[in-house]
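*Asks:* Quick one: structure below, then a few questions.
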Amino acid sequence: MRKKQCVAMLLAGGQGSRLYALTSNVAKPAVNFGSKYRIIDFPLSNCINSGIDTVGVLTQYQPLELNDYIGNGEPWDLDRTWGGVHVLPPYQRSRGGDWYKGTANAIYQNMGFIDRYDPDYVLVLSGDHIYKMDYDKMLDFHKKNNADCTIAVIEVTLQEAKRFGIMNTDADNRIFEFEEKPAKPKSTKASMGVYIFNKNVLFEYLKADEEDKKSSKDFGKNIIPAMLRDGKRMYAYGFSGYWKDVGTIDSLWEANMDLLGEKPVLDLNDPSWKIYYRHTPENPHYIGEDAKVKNSALAEGCEIDGTVENSVLFTNITVEKGAVVRDSVIMGDCVIKAGARVEYAILDNGVVVGENARVGVSKQDASGIAVIGAGVEVGAKTVVDAGEMVTEDVK
Amino acid sequence: MSALGIIFSNIHDQIVPELTRGRTMASIPFGGRYRLIDFVLSPMVGAGMETIGVITKTNYQSLMNHVGRGRDWDLDRKSGGLMVLPPFGHTENNALYNNRLEALKGVLGIMRKSHEKYVVMSDCDIIANFDLAAAMKDHEESGADITMVYKKTTLNGESRRMNKIMQLDENNRVIDLAVYQGGQGEVNLGMDVLIIDRTKLISVVEDAIAHGYSSMSREIMAPNLDRMYIRGYEHKGYYCFIDSIESYMQGNLDLLDREVRKELFDCEDRPIFTKVKDSPPTKYGANAEVKNSMIADGCTIEGTVENSILFRGVKVGRGAVVRNSVLMQDVMAGENSELNYVVADKRVVVKDGRNLSGYITHPFFINKDSLI
């Protein structure tokens, strides 16, 4: 039988409720990022760049836009006759059928998909992180250690460690203990939500977990602890590049800003590790006679006649004369009309900010990031305060 | 209404030798991210055409690379789709074709096999986004034998291409057709976009072979205007012919005009498609000073850019000043370099502190991969 060495399973069903307005109509992995991308472009591009050409994308919450976006996988070179990307929603079976009850259950329900490729290893990914990572190196590490499970970890500060799942390891990187959000962290190795399992071991634990009525069917809460209890060979793979969980408004804003600057923390202009995305046909952007654009990233189709500073602009943004956009993330098709000011804000797709309106206040005075939901119209001279979250037209 | 598209990718190659040194007319880069063929393919796709043959002769690697299987124009189809048609060896004479009629002779087989009612033919030297669907509808309703898309324009006598100057009666029937280089004053200028019945075209080509004709417009259309119903269809939007490095420069700089951008790119039902490259967003540094410029993805701008067109992946170093220039893909303008009225072909590197200047009437052209 033909086989694939490794199949990736990408957990993309989460709502991302801490992104509030930005995920009211789309799943978190479909949220826009970095002028041109969506969050899911990162794990998908990482897969293809790592030589993994078979990816199952597990969807559940608001899947329409995500399904459309993934399509046949062609933008990521994942349109294959054997393998490629497959969207895997929950489904009905002859005997019942159910929503995905947890991350582990989602994989459990798709063991049939995995078995079609008879892989030795299963890579489990999540769709809420921005990072560039070579999974193939991690797989080498996994094989070299003869491990049952390898978990990618990143060094955080002791303070930050309280917010993460922390791996306590011995000198050989073998994990002996896992603590979710420990009050007194013993290590600074935070789980990145990237796992490699030997397929047979994974299936064994998924089946056992499914039988356990009390289990919450979650990798972090159930599968990993159970494997640790049984003394399985579990290793922590240290990753040292850029990695960011963009699960909150603040972290999403920060990650966007990480693209800026001469030597950005997150460099996307990297021919050796391209991030692929689905295109829309747009003409190059135009910077007008009176425009001022500084320390910003812009995509195609923009028409800029105002001032743009320290900001990330997606496709087709109009910034009219006298308008100012500062320290902000402006997603696709937004219009910032003449004289309007947008500061320390995130605008979702299709927002119109009326003439002389104000959204947010200057970053140093702001109590928080102002967020405007998709398609909202902010009337002329209307003021949206710092930290406000607007989901309906305001006048 | 179905139509087969036939695009001549090499016609006019010799009139812009600088730009066609290693490529076809069709694959000349234009407007930050496009190639000339995009402005023919996209209107055809916009008009619902699904079978398009691109006739090539020489230097067609860059063209093949650009169009591939036509996926980016939604033309990768099991039946029809985009077909690149390299010269087909003729047994009777091994020479490559020298004119459109000979080129058409080489694709007679494809024309005979296809089932579309019409054929739309076009060259690749125009920048426009014409409404081909409307032109085809006009052609069908009028019952014309041939419809020629034209533009009302003013010529200054400097044009290097063979221009087709048409005179029309009040019903848009062509009553005079003259073909000559140059031309002056207000004219109806043929855009070399022709709509014709497929079976009619086949018989025209067969007839031309029999008679040894070499020019469709001069030997077939012009002398027979009383017997053939040749009709004009006016393109009202922006157009520009690329027939010299000066017009190439001007055509690019025209894009800095909002109205031109609107007429070219803001047609909802026919966007201009091109090959995608997954470039990252363009980044502006803290010292960037950019005015009145059109800038594609993947650029890094640390210096000053004014009245210019930057293609994908251009780098403008700190202190560099780029004015009135067209910098193609991956050009690097080093720190404190100065460029004025320069057309730099792909991957040109201008080292730090170098200073280059041309003039609007004489742009300074730099060959692909040059190091200055």
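Ordered as shown in the structure tokens, chains take letters A, B, and onward, while each chain numbers its residues from 1 and ligands are numbered from 1 in the order shown.
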Using only C-alpha atoms, find the residues of chain A whose closest atom to chain B is at most 7 Å away, then write them as a count of residues only.

*Replies:* 27

*Asks:* Looking only at alpha helix (DSSP H) from DSSP on the backbone, list the matching residues of stretch 120-360 of chain B as a PyMOL selection string.

*Replies:* chain B and resi 132-142+198-211+245-254+258-265

*Asks:* What's around A:Asp333 at 7 Å? Count only C-alpha atoms, leave out sequence neighbours fewer than 4 positions away in its own chain, and write the answer as a VMD selection string.

*Replies:* chain A and resid 315 to 317 349 to 350

*Asks:* If you run DSSP on this backbone, which residues of stretch 215-360 of chain A come out as strand (DSSP E), and could you give them as JSON, numbers by chain?

*Replies:* {"A": [234, 235, 236, 237, 238, 239, 243, 244, 245, 285, 286, 287, 292, 293, 294, 296, 297, 298, 303, 304, 307, 308, 309, 312, 313, 318, 319, 324, 325, 326, 329, 330, 335, 336, 341, 342, 343, 345, 346, 347, 352, 353, 358, 359]}

*Asks:* Neighbours of B:Gly212 within 10 Å (only C-alpha atoms; same-chain residues fewer than 5 positions away dropped), as a VMD selection string?

*Replies:* chain B and resid 101 to 102 206 to 207 219

*Asks:* Deliver the residues from the most recent selection as a file, using C-alpha atoms, as a PDB file, in the first residue's frame.

*Replies:*
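Output below, filename part-v2.pdb:
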```pdb
ATOM      1  CA  LEU B 101      -1.818  35.329 -41.870  1.00  0.00           C
ATOM      2  CA  GLU B 102       1.081  32.893 -41.890  1.00  0.00           C
ATOM      3  CA  GLU B 206      -7.278  29.546 -46.908  1.00  0.00           C
ATOM      4  CA  ASP B 207      -8.003  32.127 -49.576  1.00  0.00           C
ATOM      5  CA  GLU B 219      -4.859  42.856 -49.039  1.00  0.00           C
TER       6      GLU B 219
END
```
